[in-house]
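The block underneath contains the structure these notes are about, expressed in structure tokens.
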Amino acid sequence: MPLYTSSTLRALILDVDGVLWKDEAPIADIPPIFAEIERLGLGVMIATNNSTRTPGQDAERFHSFGVKLEEWQVINSAEATAQYLHKMYPRGGPVYVVGERGLVETLEAKGFTINEQEALAVVAGIDRQITYDKINRAAALIRAGAKFIGANPDRTFPTPAGLVPGAGAILAAIEAASYVSPTIMGKPQPTIFQIALERLGVRPAEALIVGDRLETDIAGGQKAGCPVALVLSGISTREQAQAWQPEVDVIAEDLTSLLKLLTTAY
């Protein structure tokens with residue numbers, strides 16, 4: 001599997017859940033990781049399917065770990081969803097959200113209002129307060145003609161205690177009740193990565209996508225035309241990665257190990 005030298009690699013685009021932390025628990029000592037990225041002269045963007053926080057809140061979380069990131073350096077599925085809906089409905093309008101505050105606040109910032117009685121779209125992401133009534137309301141609005149938008153399809157979510165249900169589990173319930181499949185905004189769609197590349201000002205071949213999940217991070221990075229690295233600190237296993245097609249460019253135990261590999265390539 002090839003490594004990318006300083007002549008080709010200009011930036012890293014990092015997933016977070018399963019790469020930098022699991023739920024609230026860091027996987028590694030985060031400040032030295034970002035210090036090493038800076039020493040290597042690489043730009044960095046965060047690209048996450050997690051829709052529970054706004055990009056500003058994600059940046060603040062990095063600050064709490066002692067890492068200075070600007071809000072523009074974070075793109076998540078909530079922002080990708082809001083941008084997509086804003087293109088469809090530039091004046092905003094009513095939407096129904098099955099999700100948490102990050103998704104709600106990001107949509108509201110684009111001019112959308114939360115409405116349980118009528119909606120241009122039903123937007124669903126991970127919701128750790130999910131209820132039968134929420135699923136019922138979402139399905140009813142979709143059957144009445146509202147578009148069904150999924151922030152991301154992740155079936156599970158890594159925590160220190162193991163895997164817990166993710167947004168994909170909620171989407172599946174709404175899909176079963178509405179008979180309509182969602183339009184997915186987050187990974188594996190390449191949109192998040194395309195936004196990241198544009199903000200970094202680099203070509204796809206110059207940015208290494210780093211993630212822990214083959215069917216979202218790696219598949220999405222490959223769709224975007226980028227080299228991809230799988231770290232084994234989250235969801236997917238080495239055996240799964242070795243069987244993946246197209247081939248994964250780099251497999252590493254964790255982000256710290258990956259940076260050591262990149263250091264030897266410089």
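Labels used: A, B, ... for chains in the order of the structure tokens, numbers from 1 for residues in each chain, and numbers from 1 for ligands as shown.
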
Can you check which residues of range 40-255 of chain A DSSP gives as strand (DSSP E or B) on the backbone and send them as a ChimeraX atom specification? /A:43-48,74-76,93-98,112-114,121-124,147-150,156-159,162-165,183-184,207-211,228-231,250-252

Distance CA of Leu255 in chain A-CA of Gly66 in chain A, one decimal place? 17.3 Å

With only C-alpha atoms as the atoms that count, which of A:Asn136, A:Gln117, A:Thr159, A:Thr106 lies nearest to Glu175 in chain A?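 Closest to Glu175 in chain A, using only C-alpha atoms: A:Asn136.
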
With DSSP run on the backbone, what are the alpha helix (DSSP H) residues within range 145-250 of chain A? I'd like them as an mmCIF file with all heavy atoms, in the first residue's frame.
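Once written, part26.cif looks like this:
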```
data_model
loop_
_atom_site.group_PDB
_atom_site.id
_atom_site.type_symbol
_atom_site.label_atom_id
_atom_site.label_comp_id
_atom_site.auth_asym_id
_atom_site.auth_seq_id
_atom_site.Cartn_x
_atom_site.Cartn_y
_atom_site.Cartn_z
ATOM 1 N N ALA A 167 -27.534 6.971 13.590
ATOM 2 C CA ALA A 167 -28.588 7.592 12.799
ATOM 3 C C ALA A 167 -29.232 6.601 11.841
ATOM 4 O O ALA A 167 -30.441 6.659 11.587
ATOM 5 C CB ALA A 167 -28.032 8.791 12.033
ATOM 6 N N GLY A 168 -28.437 5.686 11.281
ATOM 7 C CA GLY A 168 -28.974 4.730 10.316
ATOM 8 C C GLY A 168 -30.079 3.862 10.886
ATOM 9 O O GLY A 168 -31.008 3.477 10.168
ATOM 10 N N ALA A 169 -29.994 3.556 12.186
ATOM 11 C CA ALA A 169 -31.047 2.757 12.821
ATOM 12 C C ALA A 169 -32.358 3.540 12.861
ATOM 13 O O ALA A 169 -33.447 2.973 12.676
ATOM 14 C CB ALA A 169 -30.620 2.362 14.233
ATOM 15 N N ILE A 170 -32.261 4.854 13.089
ATOM 16 C CA ILE A 170 -33.453 5.697 13.131
ATOM 17 C C ILE A 170 -34.021 5.880 11.730
ATOM 18 O O ILE A 170 -35.243 5.805 11.516
ATOM 19 C CB ILE A 170 -33.107 7.044 13.784
ATOM 20 C CG1 ILE A 170 -32.745 6.822 15.257
ATOM 21 C CG2 ILE A 170 -34.258 8.040 13.653
ATOM 22 C CD1 ILE A 170 -32.155 8.024 15.947
ATOM 23 N N LEU A 171 -33.141 6.087 10.743
ATOM 24 C CA LEU A 171 -33.600 6.208 9.355
ATOM 25 C C LEU A 171 -34.342 4.948 8.920
ATOM 26 O O LEU A 171 -35.357 5.028 8.216
ATOM 27 C CB LEU A 171 -32.417 6.451 8.423
ATOM 28 C CG LEU A 171 -31.612 7.731 8.598
ATOM 29 C CD1 LEU A 171 -30.525 7.822 7.547
ATOM 30 C CD2 LEU A 171 -32.507 8.953 8.540
ATOM 31 N N ALA A 172 -33.825 3.792 9.338
ATOM 32 C CA ALA A 172 -34.455 2.530 8.949
ATOM 33 C C ALA A 172 -35.875 2.426 9.497
ATOM 34 O O ALA A 172 -36.785 1.941 8.804
ATOM 35 C CB ALA A 172 -33.609 1.355 9.433
ATOM 36 N N ALA A 173 -36.080 2.874 10.725
ATOM 37 C CA ALA A 173 -37.423 2.827 11.315
ATOM 38 C C ALA A 173 -38.381 3.751 10.572
ATOM 39 O O ALA A 173 -39.533 3.376 10.275
ATOM 40 C CB ALA A 173 -37.350 3.209 12.791
ATOM 41 N N ILE A 174 -37.923 4.966 10.254
ATOM 42 C CA ILE A 174 -38.788 5.915 9.535
ATOM 43 C C ILE A 174 -39.062 5.415 8.121
ATOM 44 O O ILE A 174 -40.183 5.524 7.610
ATOM 45 C CB ILE A 174 -38.143 7.307 9.513
ATOM 46 C CG1 ILE A 174 -37.996 7.846 10.943
ATOM 47 C CG2 ILE A 174 -38.972 8.276 8.668
ATOM 48 C CD1 ILE A 174 -37.199 9.132 11.041
ATOM 49 N N GLU A 175 -38.048 4.852 7.478
ATOM 50 C CA GLU A 175 -38.242 4.306 6.138
ATOM 51 C C GLU A 175 -39.262 3.174 6.143
ATOM 52 O O GLU A 175 -40.134 3.093 5.266
ATOM 53 C CB GLU A 175 -36.910 3.810 5.570
ATOM 54 C CG GLU A 175 -37.023 3.208 4.179
ATOM 55 C CD GLU A 175 -35.682 2.800 3.596
ATOM 56 O OE1 GLU A 175 -34.648 3.098 4.222
ATOM 57 O OE2 GLU A 175 -35.675 2.192 2.509
ATOM 58 N N ALA A 176 -39.177 2.297 7.140
ATOM 59 C CA ALA A 176 -40.120 1.187 7.225
ATOM 60 C C ALA A 176 -41.549 1.683 7.399
ATOM 61 O O ALA A 176 -42.487 1.111 6.835
ATOM 62 C CB ALA A 176 -39.734 0.267 8.379
ATOM 63 N N ALA A 177 -41.720 2.756 8.170
ATOM 64 C CA ALA A 177 -43.060 3.261 8.450
ATOM 65 C C ALA A 177 -43.615 4.154 7.350
ATOM 66 O O ALA A 177 -44.839 4.294 7.222
ATOM 67 C CB ALA A 177 -43.048 4.039 9.770
ATOM 68 N N SER A 178 -42.727 4.769 6.549
ATOM 69 C CA SER A 178 -43.184 5.701 5.508
ATOM 70 C C SER A 178 -43.166 5.101 4.111
ATOM 71 O O SER A 178 -43.761 5.658 3.193
ATOM 72 C CB SER A 178 -42.292 6.944 5.504
ATOM 73 O OG SER A 178 -40.968 6.615 5.093
ATOM 74 N N THR A 191 -20.072 14.703 -0.734
ATOM 75 C CA THR A 191 -20.302 16.136 -0.563
ATOM 76 C C THR A 191 -19.440 16.749 0.530
ATOM 77 O O THR A 191 -18.812 17.802 0.339
ATOM 78 C CB THR A 191 -21.784 16.398 -0.252
ATOM 79 O OG1 THR A 191 -22.586 15.779 -1.248
ATOM 80 C CG2 THR A 191 -22.074 17.880 -0.211
ATOM 81 N N ILE A 192 -19.405 16.109 1.702
ATOM 82 C CA ILE A 192 -18.626 16.641 2.821
ATOM 83 C C ILE A 192 -17.154 16.785 2.425
ATOM 84 O O ILE A 192 -16.510 17.794 2.721
ATOM 85 C CB ILE A 192 -18.790 15.750 4.060
ATOM 86 C CG1 ILE A 192 -20.158 15.987 4.715
ATOM 87 C CG2 ILE A 192 -17.667 15.986 5.066
ATOM 88 C CD1 ILE A 192 -20.407 15.128 5.932
ATOM 89 N N PHE A 193 -16.618 15.792 1.746
ATOM 90 C CA PHE A 193 -15.214 15.836 1.349
ATOM 91 C C PHE A 193 -14.975 16.903 0.280
ATOM 92 O O PHE A 193 -13.928 17.569 0.281
ATOM 93 C CB PHE A 193 -14.758 14.472 0.851
ATOM 94 C CG PHE A 193 -14.771 13.407 1.910
ATOM 95 C CD1 PHE A 193 -15.398 12.198 1.701
ATOM 96 C CD2 PHE A 193 -14.153 13.618 3.134
ATOM 97 C CE1 PHE A 193 -15.413 11.214 2.677
ATOM 98 C CE2 PHE A 193 -14.161 12.636 4.124
ATOM 99 C CZ PHE A 193 -14.792 11.434 3.880
ATOM 100 N N GLN A 194 -15.913 17.070 -0.633
ATOM 101 C CA GLN A 194 -15.771 18.088 -1.673
ATOM 102 C C GLN A 194 -15.747 19.488 -1.059
ATOM 103 O O GLN A 194 -14.965 20.349 -1.491
ATOM 104 C CB GLN A 194 -16.905 17.946 -2.694
ATOM 105 C CG GLN A 194 -16.781 16.693 -3.540
ATOM 106 C CD GLN A 194 -18.064 16.322 -4.263
ATOM 107 O OE1 GLN A 194 -19.143 16.844 -3.969
ATOM 108 N NE2 GLN A 194 -17.963 15.418 -5.224
ATOM 109 N N ILE A 195 -16.586 19.710 -0.048
ATOM 110 C CA ILE A 195 -16.571 20.995 0.666
ATOM 111 C C ILE A 195 -15.226 21.190 1.360
ATOM 112 O O ILE A 195 -14.628 22.273 1.315
ATOM 113 C CB ILE A 195 -17.726 21.067 1.672
ATOM 114 C CG1 ILE A 195 -19.080 21.085 0.942
ATOM 115 C CG2 ILE A 195 -17.596 22.299 2.576
ATOM 116 C CD1 ILE A 195 -20.273 20.922 1.859
ATOM 117 N N ALA A 196 -14.731 20.129 2.003
ATOM 118 C CA ALA A 196 -13.443 20.212 2.698
ATOM 119 C C ALA A 196 -12.306 20.536 1.731
ATOM 120 O O ALA A 196 -11.443 21.376 2.020
ATOM 121 C CB ALA A 196 -13.168 18.906 3.436
ATOM 122 N N LEU A 197 -12.276 19.887 0.578
ATOM 123 C CA LEU A 197 -11.232 20.138 -0.416
ATOM 124 C C LEU A 197 -11.265 21.583 -0.892
ATOM 125 O O LEU A 197 -10.219 22.234 -1.037
ATOM 126 C CB LEU A 197 -11.404 19.195 -1.610
ATOM 127 C CG LEU A 197 -11.141 17.709 -1.349
ATOM 128 C CD1 LEU A 197 -11.624 16.876 -2.528
ATOM 129 C CD2 LEU A 197 -9.659 17.457 -1.098
ATOM 130 N N GLU A 198 -12.469 22.089 -1.124
ATOM 131 C CA GLU A 198 -12.613 23.474 -1.582
ATOM 132 C C GLU A 198 -12.087 24.450 -0.530
ATOM 133 O O GLU A 198 -11.370 25.405 -0.849
ATOM 134 C CB GLU A 198 -14.080 23.763 -1.893
ATOM 135 C CG GLU A 198 -14.338 25.168 -2.408
ATOM 136 C CD GLU A 198 -15.795 25.409 -2.739
ATOM 137 O OE1 GLU A 198 -16.580 24.428 -2.777
ATOM 138 O OE2 GLU A 198 -16.161 26.573 -2.953
ATOM 139 N N ARG A 199 -12.421 24.207 0.727
ATOM 140 C CA ARG A 199 -11.970 25.111 1.789
ATOM 141 C C ARG A 199 -10.452 25.049 1.971
ATOM 142 O O ARG A 199 -9.815 26.063 2.284
ATOM 143 C CB ARG A 199 -12.673 24.767 3.100
ATOM 144 C CG ARG A 199 -14.158 25.099 3.088
ATOM 145 C CD ARG A 199 -14.798 24.783 4.428
ATOM 146 N NE ARG A 199 -16.233 25.011 4.394
ATOM 147 C CZ ARG A 199 -17.049 24.779 5.418
ATOM 148 N NH1 ARG A 199 -16.559 24.327 6.564
ATOM 149 N NH2 ARG A 199 -18.344 24.995 5.305
ATOM 150 N N LEU A 200 -9.876 23.862 1.794
ATOM 151 C CA LEU A 200 -8.435 23.703 1.944
ATOM 152 C C LEU A 200 -7.669 24.217 0.725
ATOM 153 O O LEU A 200 -6.472 24.493 0.811
ATOM 154 C CB LEU A 200 -8.086 22.233 2.164
ATOM 155 C CG LEU A 200 -8.441 21.637 3.523
ATOM 156 C CD1 LEU A 200 -8.413 20.113 3.461
ATOM 157 C CD2 LEU A 200 -7.493 22.147 4.608
ATOM 158 N N ALA A 219 -15.431 4.694 1.683
ATOM 159 C CA ALA A 219 -16.214 4.734 0.442
ATOM 160 C C ALA A 219 -16.408 6.168 -0.029
ATOM 161 O O ALA A 219 -16.284 6.468 -1.222
ATOM 162 C CB ALA A 219 -17.559 4.052 0.654
ATOM 163 N N GLY A 220 -16.703 7.080 0.899
ATOM 164 C CA GLY A 220 -16.900 8.472 0.526
ATOM 165 C C GLY A 220 -15.630 9.124 0.019
ATOM 166 O O GLY A 220 -15.649 9.880 -0.955
ATOM 167 N N GLY A 221 -14.511 8.833 0.675
ATOM 168 C CA GLY A 221 -13.239 9.379 0.217
ATOM 169 C C GLY A 221 -12.871 8.890 -1.163
ATOM 170 O O GLY A 221 -12.362 9.654 -1.996
ATOM 171 N N GLN A 222 -13.128 7.619 -1.428
ATOM 172 C CA GLN A 222 -12.831 7.081 -2.750
ATOM 173 C C GLN A 222 -13.746 7.694 -3.813
ATOM 174 O O GLN A 222 -13.307 7.983 -4.933
ATOM 175 C CB GLN A 222 -12.947 5.554 -2.723
ATOM 176 C CG GLN A 222 -11.818 4.908 -1.929
ATOM 177 C CD GLN A 222 -11.976 3.408 -1.754
ATOM 178 O OE1 GLN A 222 -13.079 2.885 -1.697
ATOM 179 N NE2 GLN A 222 -10.852 2.705 -1.647
ATOM 180 N N LYS A 223 -15.008 7.931 -3.470
ATOM 181 C CA LYS A 223 -15.914 8.609 -4.412
ATOM 182 C C LYS A 223 -15.429 10.012 -4.725
ATOM 183 O O LYS A 223 -15.627 10.518 -5.837
ATOM 184 C CB LYS A 223 -17.327 8.668 -3.829
ATOM 185 C CG LYS A 223 -18.088 7.356 -3.845
ATOM 186 C CD LYS A 223 -19.489 7.538 -3.257
ATOM 187 C CE LYS A 223 -20.253 6.235 -3.217
ATOM 188 N NZ LYS A 223 -21.597 6.400 -2.623
ATOM 189 N N ARG A 238 -9.119 -4.952 10.383
ATOM 190 C CA ARG A 238 -8.080 -5.127 9.370
ATOM 191 C C ARG A 238 -8.529 -6.125 8.306
ATOM 192 O O ARG A 238 -8.284 -5.919 7.105
ATOM 193 C CB ARG A 238 -6.777 -5.603 10.021
ATOM 194 C CG ARG A 238 -5.618 -5.737 9.035
ATOM 195 C CD ARG A 238 -4.336 -6.169 9.747
ATOM 196 N NE ARG A 238 -3.866 -5.162 10.682
ATOM 197 C CZ ARG A 238 -3.122 -4.107 10.342
ATOM 198 N NH1 ARG A 238 -2.755 -3.942 9.068
ATOM 199 N NH2 ARG A 238 -2.717 -3.255 11.261
ATOM 200 N N GLU A 239 -9.164 -7.200 8.733
ATOM 201 C CA GLU A 239 -9.620 -8.212 7.771
ATOM 202 C C GLU A 239 -10.627 -7.616 6.792
ATOM 203 O O GLU A 239 -10.572 -7.891 5.584
ATOM 204 C CB GLU A 239 -10.227 -9.401 8.512
ATOM 205 C CG GLU A 239 -9.240 -10.235 9.318
ATOM 206 C CD GLU A 239 -8.759 -9.532 10.581
ATOM 207 O OE1 GLU A 239 -9.486 -8.634 11.104
ATOM 208 O OE2 GLU A 239 -7.638 -9.856 11.037
ATOM 209 N N GLN A 240 -11.551 -6.827 7.293
ATOM 210 C CA GLN A 240 -12.522 -6.172 6.414
ATOM 211 C C GLN A 240 -11.823 -5.205 5.464
ATOM 212 O O GLN A 240 -12.169 -5.131 4.282
ATOM 213 C CB GLN A 240 -13.558 -5.438 7.263
ATOM 214 C CG GLN A 240 -14.493 -6.355 8.030
ATOM 215 C CD GLN A 240 -15.334 -5.614 9.056
ATOM 216 O OE1 GLN A 240 -14.936 -4.561 9.568
ATOM 217 N NE2 GLN A 240 -16.493 -6.166 9.380
ATOM 218 N N ALA A 241 -10.842 -4.485 5.985
ATOM 219 C CA ALA A 241 -10.131 -3.512 5.156
ATOM 220 C C ALA A 241 -9.330 -4.191 4.057
ATOM 221 O O ALA A 241 -9.270 -3.709 2.917
ATOM 222 C CB ALA A 241 -9.210 -2.655 6.024
ATOM 223 N N GLN A 242 -8.706 -5.322 4.375
ATOM 224 C CA GLN A 242 -7.907 -6.031 3.383
ATOM 225 C C GLN A 242 -8.768 -6.621 2.272
ATOM 226 O O GLN A 242 -8.286 -6.827 1.154
ATOM 227 C CB GLN A 242 -7.074 -7.112 4.061
ATOM 228 C CG GLN A 242 -5.965 -6.538 4.934
ATOM 229 C CD GLN A 242 -5.264 -7.568 5.788
ATOM 230 O OE1 GLN A 242 -5.810 -8.647 6.077
ATOM 231 N NE2 GLN A 242 -4.041 -7.267 6.218
ATOM 232 N N ALA A 243 -10.051 -6.859 2.573
ATOM 233 C CA ALA A 243 -10.967 -7.400 1.566
ATOM 234 C C ALA A 243 -11.685 -6.311 0.782
ATOM 235 O O ALA A 243 -12.382 -6.609 -0.186
ATOM 236 C CB ALA A 243 -11.994 -8.312 2.242
#
```

Tell me, counting only C-alpha atoms, for each residue of range 87-136 of chain A within 8 Å of range 44-60 of chain A, which pair of atoms is nearest and how far apart they are in Å to one decimal, in rows ordered by chain and increasing number, as CSV.
```
residue,atom,partner,partner_atom,distance
A:Gly99,CA,A:Thr52,CA,7.3
A:Glu100,CA,A:Thr52,CA,5.2
A:Arg101,CA,A:Thr52,CA,6.2
A:Gly102,CA,A:Arg53,CA,3.7
A:Leu103,CA,A:Ser51,CA,5.5
A:Glu105,CA,A:Thr54,CA,7.1
A:Thr106,CA,A:Thr54,CA,6.0
A:Gly125,CA,A:Ser51,CA,6.4
A:Ile126,CA,A:Ser51,CA,7.0
```

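By chain and then residue number, the residues within 8 Å of Ile33 in chain A are Asp29, Ile37, Leu255, Thr256 and Leu259 of chain A, counting only C-alpha atoms and disregarding those fewer than 4 positions away in sequence.
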